[in-house]
file start27.txt (compact mmCIF, C-alpha atoms and all ligand atoms)
# COMPACT_ATOMS: atom_id res chain seq x y z
CA MET X 12 94.30 81.61 100.62
CA ILE X 13 95.24 84.69 102.62
CA MET X 14 93.86 87.13 100.07
CA THR X 15 90.44 85.43 100.27
CA GLU X 16 90.41 85.71 104.05
CA THR X 17 90.89 89.47 103.84
CA LEU X 18 88.23 89.74 101.17
CA LEU X 19 85.71 87.75 103.22
CA LYS X 20 86.52 89.64 106.39
CA HIS X 21 86.01 93.12 104.96
CA PHE X 22 83.72 92.56 101.97
CA PRO X 23 81.78 89.35 102.60
CA LYS X 24 79.19 90.18 99.93
CA ALA X 25 81.65 91.09 97.16
CA ILE X 26 81.43 89.07 93.96
CA GLU X 27 83.75 88.74 90.99
CA GLY X 28 83.46 91.80 88.80
CA HIS X 29 82.73 89.86 85.62
CA LYS X 30 80.02 87.82 87.34
CA LEU X 31 78.48 91.03 88.65
CA THR X 32 78.54 92.51 85.15
CA ILE X 33 76.58 89.58 83.71
CA GLU X 34 73.97 89.74 86.49
CA VAL X 35 73.54 93.51 86.21
CA VAL X 36 73.29 93.44 82.41
CA ASP X 37 70.79 90.58 82.59
CA THR X 38 68.63 92.26 85.25
CA LEU X 39 68.57 95.57 83.35
CA MET X 40 67.56 93.76 80.19
CA LYS X 41 64.72 91.83 81.87
CA THR X 42 63.33 94.62 84.04
CA HIS X 43 63.88 97.73 81.91
CA GLN X 44 64.80 96.48 78.42
CA PHE X 45 68.30 97.99 78.43
CA THR X 46 70.09 96.67 75.34
CA PRO X 47 73.57 97.42 73.95
CA LYS X 48 71.89 99.46 71.19
CA ASN X 49 69.76 101.70 73.39
CA THR X 50 72.22 102.12 76.27
CA LEU X 51 75.10 104.51 76.90
CA PHE X 52 77.76 103.57 79.40
CA GLY X 53 79.48 106.01 81.73
CA PHE X 54 81.91 105.19 84.49
CA SER X 55 83.23 107.15 87.40
CA THR X 56 86.10 105.05 88.71
CA CYS X 57 89.70 105.89 89.55
CA PRO X 58 91.85 105.98 86.38
CA ASP X 59 94.30 103.51 87.99
CA GLU X 60 95.03 100.77 85.42
CA LEU X 61 94.04 98.18 88.03
CA ASN X 62 90.40 99.10 87.50
CA ARG X 63 90.35 98.61 83.73
CA ASP X 64 89.20 95.01 83.78
CA VAL X 65 87.46 94.63 87.14
CA THR X 66 84.10 94.65 85.36
CA SER X 67 83.27 94.07 81.70
CA PHE X 68 80.46 96.55 81.06
CA LYS X 69 82.41 98.08 78.18
CA SER X 70 82.16 94.85 76.22
CA TYR X 71 78.33 94.99 76.51
CA TYR X 72 77.54 98.68 76.23
CA GLY X 73 80.87 99.71 74.76
CA GLU X 74 79.83 101.58 71.63
CA HIS X 75 79.16 104.80 73.51
CA GLN X 76 81.28 105.00 76.62
CA PHE X 77 82.32 107.96 78.69
CA PRO X 78 84.85 108.31 81.49
CA LEU X 79 83.25 110.58 84.08
CA GLY X 80 85.50 110.10 87.08
CA GLY X 81 88.91 111.15 88.31
CA LEU X 82 91.23 110.27 91.19
CA THR X 83 89.56 108.02 93.80
CA GLY X 84 86.55 107.54 91.48
CA TYR X 85 85.05 110.93 92.37
CA PRO X 86 82.86 112.20 89.49
CA PHE X 87 85.13 115.12 88.61
CA ARG X 88 83.59 115.61 85.15
CA GLY X 89 80.74 117.18 87.17
CA LYS X 90 77.31 118.38 86.06
CA THR X 91 78.74 119.83 82.82
CA GLY X 92 80.46 116.61 81.82
CA PHE X 93 77.42 114.49 82.58
CA ALA X 94 75.10 116.86 80.68
CA ALA X 95 77.44 116.83 77.67
CA PHE X 96 77.51 113.06 77.72
CA SER X 97 73.71 112.88 77.83
CA HIS X 98 73.57 115.01 74.66
CA HIS X 99 75.72 112.51 72.79
CA ALA X 100 72.98 109.91 72.62
CA PRO X 101 72.35 108.51 69.14
CA ASN X 102 69.35 110.19 67.44
CA ASN X 103 68.06 107.03 65.78
CA GLN X 104 66.82 105.57 69.06
CA SER X 105 63.39 106.50 70.43
CA GLU X 106 64.57 105.91 73.97
CA VAL X 107 68.12 105.97 75.20
CA ASN X 108 69.19 104.68 78.59
CA PHE X 109 72.21 105.36 80.66
CA VAL X 110 74.22 102.95 82.84
CA ILE X 111 76.66 104.52 85.28
CA LEU X 112 79.19 102.42 87.12
CA TYR X 113 80.89 104.23 89.98
CA GLY X 114 82.87 103.86 93.16
CA PRO X 115 86.31 103.88 94.74
CA HIS X 116 88.79 101.00 94.77
CA VAL X 117 91.04 99.24 97.25
CA GLY X 118 93.74 96.64 96.74
CA ILE X 119 94.47 93.40 98.54
CA SER X 120 98.07 92.19 98.33
CA PRO X 121 99.08 88.54 97.81
CA LYS X 122 99.80 88.43 101.57
CA GLY X 123 96.30 89.67 102.31
CA GLU X 124 97.13 93.27 103.19
CA LEU X 125 94.32 95.72 102.52
CA GLY X 126 95.33 98.83 100.55
CA LYS X 127 98.30 97.18 98.83
CA VAL X 128 98.71 95.53 95.43
CA LEU X 129 101.46 93.87 93.48
CA ARG X 130 101.19 95.37 90.01
CA GLU X 131 102.04 93.53 86.83
CA ASN X 132 105.78 93.58 86.06
CA GLN X 133 106.67 95.18 89.38
CA PHE X 134 108.76 93.71 92.20
CA HIS X 135 107.36 95.74 95.08
CA GLU X 136 103.87 96.28 96.34
CA SER X 137 102.29 99.71 96.00
CA THR X 138 99.20 101.38 97.43
CA ALA X 139 95.67 101.23 96.00
CA CYS X 140 93.91 103.58 95.96
CA GLY X 141 97.14 105.58 95.85
CA ALA X 142 95.41 108.98 95.91
CA ALA X 143 93.28 108.18 98.95
CA ILE X 144 96.10 106.51 100.89
CA SER X 145 98.44 109.39 100.07
CA PHE X 146 95.99 111.69 101.89
CA LEU X 147 95.86 109.35 104.89
CA ASN X 148 99.65 109.13 105.12
CA LYS X 149 100.09 112.91 104.91
CA TYR X 150 97.38 113.39 107.54
CA LYS X 151 99.03 110.94 109.95
CA GLU X 152 102.49 112.44 109.39
CA SER X 153 101.14 115.89 110.23
CA MET X 154 99.49 114.59 113.39
CA LYS X 155 102.74 112.97 114.47
CA ASN X 156 104.40 116.36 114.18
CA GLY X 157 101.62 117.94 116.21
CA LYS X 158 100.19 119.87 113.28
CA LYS X 159 96.75 119.88 111.72
CA TYR X 160 97.01 118.70 108.12
CA GLU X 161 95.99 121.26 105.54
CA PRO X 162 95.83 120.20 101.85
CA VAL X 163 97.88 122.47 99.60
CA GLU X 164 96.04 124.04 96.69
CA ASP X 165 97.94 123.42 93.49
CA ALA X 166 96.58 124.28 90.05
CA LEU X 167 98.56 121.32 88.69
CA ASP X 168 97.06 118.86 91.17
CA MET X 169 93.45 119.95 91.51
CA GLU X 170 91.84 116.52 91.77
CA GLN X 171 94.12 115.46 94.62
CA TYR X 172 93.56 118.77 96.39
CA SER X 173 89.76 118.44 96.09
CA VAL X 174 89.80 114.82 97.29
CA GLU X 175 91.91 115.76 100.31
CA LYS X 176 89.68 118.74 101.16
CA MET X 177 86.63 116.45 101.15
CA MET X 178 88.29 113.67 103.13
CA LEU X 179 89.71 116.00 105.73
CA SER X 180 86.36 116.46 107.46
CA HIS X 181 86.09 112.67 107.85
CA ALA X 182 89.69 112.09 108.93
CA TYR X 183 88.82 111.57 112.59
CA ARG X 184 86.31 108.86 111.69
CA ILE X 185 89.06 107.13 109.69
CA ILE X 186 91.88 107.28 112.23
CA SER X 187 89.66 106.29 115.16
CA SER X 188 88.46 103.14 113.36
CA GLN X 189 89.89 99.64 113.74
CA ASN X 190 91.12 99.39 110.18
CA HIS X 191 92.08 102.75 108.68
CA ILE X 192 92.22 101.53 105.08
CA LYS X 193 88.77 99.91 105.31
CA GLU X 194 87.28 103.07 106.80
CA LEU X 195 89.07 105.20 104.20
CA VAL X 196 87.44 103.33 101.34
CA GLU X 197 84.05 103.53 103.10
CA VAL X 198 84.42 107.32 103.40
CA ASN X 199 85.55 107.40 99.80
CA TYR X 200 82.44 105.50 98.70
CA MET X 201 80.19 107.81 100.72
CA LEU X 202 81.70 110.91 99.09
CA VAL X 203 81.46 109.50 95.56
CA ASP X 204 77.91 108.24 96.11
CA GLU X 205 76.70 111.57 97.56
CA ALA X 206 78.15 113.50 94.64
CA MET X 207 76.72 111.02 92.15
CA MET X 208 73.19 111.33 93.55
CA LYS X 209 73.33 115.13 93.29
CA ILE X 210 74.65 115.02 89.72
CA ILE X 211 71.94 112.55 88.71
CA GLU X 212 69.24 114.87 90.06
CA SER X 213 70.60 117.63 87.85
CA LEU X 214 71.05 115.26 84.89
CA LYS X 215 67.34 114.42 84.96
CA HIS X 216 66.67 117.91 83.56
CA HIS X 217 68.75 117.10 80.45
CA PHE X 218 68.02 113.46 79.87
CA ASN X 219 64.73 111.75 79.01
CA GLY X 220 65.73 108.10 79.28
CA LYS X 221 66.23 105.88 82.27
CA ILE X 222 69.38 106.04 84.36
CA ALA X 223 70.76 102.90 86.01
CA LEU X 224 73.18 103.42 88.87
CA VAL X 225 75.64 100.69 89.76
CA GLY X 226 77.62 101.87 92.76
CA GLY X 227 80.05 100.00 94.96
CA ILE X 228 83.63 99.32 95.94
CA MET X 229 86.08 97.80 93.48
CA ILE X 230 88.54 95.40 95.03
CA ASN X 231 91.81 94.75 93.18
CA THR X 232 93.05 91.26 93.93
CA PRO X 233 96.05 89.21 92.74
CA HIS X 234 95.49 86.62 89.98
CA HIS X 235 91.91 87.81 89.36
CA ASN X 236 90.44 90.74 87.53
CA GLY X 237 88.94 91.80 90.83
CA TYR X 238 85.77 91.88 92.91
CA PHE X 239 82.94 94.33 93.32
CA ASP X 240 81.06 95.04 96.54
CA LEU X 241 77.73 96.30 95.25
CA ARG X 242 76.13 99.02 97.38
CA ARG X 243 73.60 100.59 95.05
CA PHE X 244 71.78 99.19 92.03
CA GLU X 245 68.71 101.10 90.90
CA VAL X 246 67.00 102.64 87.90
CA HIS X 247 65.77 106.24 87.94
CA ASN X 248 63.38 107.80 85.47
CA THR X 249 62.59 111.44 84.81
CA HIS X 250 59.34 111.24 86.83
CA ASN X 251 61.51 110.73 89.92
CA GLU X 252 60.50 107.10 90.25
CA ILE X 253 63.21 104.76 91.49
CA ASP X 254 63.24 101.00 90.94
CA LEU X 255 65.47 99.30 93.51
CA LEU X 256 67.10 96.33 91.82
CA LYS X 257 69.71 95.28 94.36
CA LYS X 258 67.32 92.62 95.71
CA PHE X 259 67.76 90.64 92.45
CA LEU X 260 71.49 90.19 92.98
ZN ZN C 301 93.05 105.07 92.76
call {"tool": "encode", "arguments": {"input": "start27.txt", "output": "structure tokens"}}
result
Amino acid sequence: MIMTETLLKHFPKAIEGHKLTIEVVDTLMKTHQFTPKNTLFGFSTCPDELNRDVTSFKSYYGEHQFPLGGLTGYPFRGKTGFAAFSHHAPNNQSEVNFVILYGPHVGISPKGELGKVLRENQFHESTACGAAISFLNKYKESMKNGKKYEPVEDALDMEQYSVEKMMLSHAYRIISSQNHIKELVEVNYMLVDEAMMKIIESLKHHFNGKIALVGGIMINTPHHNGYFDLRRFEVHNTHNEIDLLKKFL
């Protein structure tokens, strides 16, 4: 199958999102006693409907769930949003934990093209992640016209503006790579991961429980809910100890 070839070529370690969910939930239960009752679930993924069912964490930790991300999966709710979320923990639990799923997404079309998807009830393929690819297209168009691309600040489009501002300094890396879409999603992951690590450091001042980070790239594929290329899986506590759990998966 052509889609599988593309998946294996670019994300050889990716596994089905639902399989990943079971393994992560199981590992967190065995190593740190995370249960649905004592765990809050936050996610910083692109609001694109394609990402809704890539994983199934909500069905495990769903009682208290918080969307923390915006376009491209960047954690736009910021330090304030994360702190607010941490204060919403139920009081009847002696210890409350936090699982945060985060990362950008990229589509693979039925013909195996990276960055494209065929959405349900649509006849034509569209881009995924649309926000990230929109930046890349505008950047290339500007270059073609001999101009340096400058994102336009717009109070009604602040997430897109911020994403483009951040990506701009990595644009050369993207356009000088072999596969622009692959490099774009790698840059996207790097930006989201960097922001997430900084926010978590600040969150540790507000939150006494353990924080599990599940970071990676979501891959939207036809006829499946999707795959997840896990890049970071670790548990942080407030004493700044980090338990690296990726080795279990
Ligand atoms: Zn998107």
call {"tool": "atom_distance", "arguments": {"input": "start27.txt", "atom1": "CA of Ala206 (chain X)", "atom2": "CA of Tyr85 (chain X)"}}
result
7.7 Å
call {"tool": "atom_distance", "arguments": {"input": "start27.txt", "atom1": "CA of Gln189 (chain X)", "atom2": "CA of Val128 (chain X)"}}
result
20.7 Å
call {"tool": "closest_atom_pairs", "arguments": {"input": "start27.txt", "of": "chain X", "to": "ligand ZN 301 (chain C)", "cutoff": "8 Å", "atoms": "all atoms listed in the file", "output": "Markdown table"}}
result
| residue | atom | partner | partner_atom | distance |
| --- | --- | --- | --- | --- |
| X:Cys57 | CA | C:ZN301 | ZN | 4.7 |
| X:Pro58 | CA | C:ZN301 | ZN | 6.6 |
| X:Asp59 | CA | C:ZN301 | ZN | 5.2 |
| X:Leu82 | CA | C:ZN301 | ZN | 5.7 |
| X:Thr83 | CA | C:ZN301 | ZN | 4.7 |
| X:Gly84 | CA | C:ZN301 | ZN | 7.1 |
| X:Pro115 | CA | C:ZN301 | ZN | 7.1 |
| X:His116 | CA | C:ZN301 | ZN | 6.2 |
| X:Val117 | CA | C:ZN301 | ZN | 7.6 |
| X:Ala139 | CA | C:ZN301 | ZN | 5.7 |
| X:Cys140 | CA | C:ZN301 | ZN | 3.6 |
| X:Gly141 | CA | C:ZN301 | ZN | 5.2 |
| X:Ala142 | CA | C:ZN301 | ZN | 5.5 |
| X:Ala143 | CA | C:ZN301 | ZN | 6.9 |
call {"tool": "write_last_selection", "arguments": {"input": "start27.txt", "atoms": "C-alpha atoms", "output": "compact mmCIF listing (two decimals), in the coordinates of the input"}}
result
# COMPACT_ATOMS: atom_id res chain seq x y z
CA CYS X 57 89.70 105.89 89.55
CA PRO X 58 91.85 105.98 86.38
CA ASP X 59 94.30 103.51 87.99
CA LEU X 82 91.23 110.27 91.19
CA THR X 83 89.56 108.02 93.80
CA GLY X 84 86.55 107.54 91.48
CA PRO X 115 86.31 103.88 94.74
CA HIS X 116 88.79 101.00 94.77
CA VAL X 117 91.04 99.24 97.25
CA ALA X 139 95.67 101.23 96.00
CA CYS X 140 93.91 103.58 95.96
CA GLY X 141 97.14 105.58 95.85
CA ALA X 142 95.41 108.98 95.91
CA ALA X 143 93.28 108.18 98.95
call {"tool": "atom_distance", "arguments": {"input": "start27.txt", "atom1": "CA of Lys41 (chain X)", "atom2": "CA of Leu256 (chain X)"}}
result
11.2 Å
call {"tool": "residues_around", "arguments": {"input": "start27.txt", "residues": "region 238-241 of chain X", "least_positions_apart": "6", "cutoff": "7 Å", "atoms": "all atoms listed in the file", "output": "number ranges by chain"}}
result
X: 22, 24-28, 65, 226-231
call {"tool": "residues_around", "arguments": {"input": "start27.txt", "residues": "Lys149 (chain X)", "least_positions_apart": "4", "cutoff": "12 Å", "atoms": "all atoms listed in the file", "output": "PDB file with C-alpha atoms, keeping the file's coordinate frame"}}
result
ATOM      1  CA  ALA X 142      95.410 108.980  95.910  1.00  0.00           C
ATOM      2  CA  ALA X 143      93.280 108.180  98.950  1.00  0.00           C
ATOM      3  CA  ILE X 144      96.100 106.510 100.890  1.00  0.00           C
ATOM      4  CA  SER X 145      98.440 109.390 100.070  1.00  0.00           C
ATOM      5  CA  SER X 153     101.140 115.890 110.230  1.00  0.00           C
ATOM      6  CA  MET X 154      99.490 114.590 113.390  1.00  0.00           C
ATOM      7  CA  LYS X 155     102.740 112.970 114.470  1.00  0.00           C
ATOM      8  CA  ASN X 156     104.400 116.360 114.180  1.00  0.00           C
ATOM      9  CA  LYS X 158     100.190 119.870 113.280  1.00  0.00           C
ATOM     10  CA  LYS X 159      96.750 119.880 111.720  1.00  0.00           C
ATOM     11  CA  TYR X 160      97.010 118.700 108.120  1.00  0.00           C
ATOM     12  CA  GLU X 161      95.990 121.260 105.540  1.00  0.00           C
ATOM     13  CA  PRO X 162      95.830 120.200 101.850  1.00  0.00           C
ATOM     14  CA  VAL X 163      97.880 122.470  99.600  1.00  0.00           C
ATOM     15  CA  GLU X 175      91.910 115.760 100.310  1.00  0.00           C
ATOM     16  CA  MET X 178      88.290 113.670 103.130  1.00  0.00           C
ATOM     17  CA  LEU X 179      89.710 116.000 105.730  1.00  0.00           C
ATOM     18  CA  ALA X 182      89.690 112.090 108.930  1.00  0.00           C
TER      19      ALA X 182
END
call {"tool": "residues_around", "arguments": {"input": "start27.txt", "residues": "Leu224 (chain X)", "least_positions_apart": "2", "cutoff": "12 Å", "atoms": "only C-alpha atoms", "output": "NGL selection string"}}
result
:X and (35-36 or 39 or 52-55 or 108-114 or 204 or 207-208 or 210-211 or 221-222 or 226-227 or 241-248 or 253-257)
call {"tool": "residues_around", "arguments": {"input": "start27.txt", "residues": "Lys20 (chain X)", "least_positions_apart": "4", "cutoff": "12 Å", "atoms": "all atoms listed in the file", "output": "list in words"}}
result
Ile13, Met14, Thr15, Glu16, Lys24, Ala25, Ile119, Gly123, Glu124, Leu125, Asn190 and Lys193 of chain X
call {"tool": "closest_residue", "arguments": {"input": "start27.txt", "among": "X:Ser213, X:Ser70, X:Asn62, X:Asn199", "to": "Met177 (chain X)", "atoms": "only C-alpha atoms"}}
result
X:Asn199
call {"tool": "closest_residue", "arguments": {"input": "start27.txt", "among": "X:His235, X:Lys258, X:Lys209, X:Arg184", "to": "His29 (chain X)", "atoms": "only C-alpha atoms"}}
result
X:His235
call {"tool": "closest_residue", "arguments": {"input": "start27.txt", "among": "X:Tyr172, X:Tyr183, X:Phe68, X:Phe218", "to": "Ala100 (chain X)", "atoms": "only C-alpha atoms"}}
result
X:Phe218
call {"tool": "closest_residue", "arguments": {"input": "start27.txt", "among": "X:Asn132, X:Gly81, X:Leu19, X:Leu31", "to": "Asp168 (chain X)", "atoms": "only C-alpha atoms"}}
result
X:Gly81
call {"tool": "axis_aligned_box", "arguments": {"input": "start27.txt", "around": "region 79-83 of chain X", "padding_each_side": "6 Å", "output": "lines of an AutoDock Vina configuration file"}}
result
center_x = 87.2
center_y = 109.6
center_z = 88.9
size_x = 20.0
size_y = 15.1
size_z = 21.7
call {"tool": "residues_around", "arguments": {"input": "start27.txt", "residues": "Asn49 (chain X)", "least_positions_apart": "3", "cutoff": "7 Å", "atoms": "all atoms listed in the file", "output": "list in words"}}
result
Phe45, Thr46, Gln104, Glu106, Val107 and Asn108 of chain X
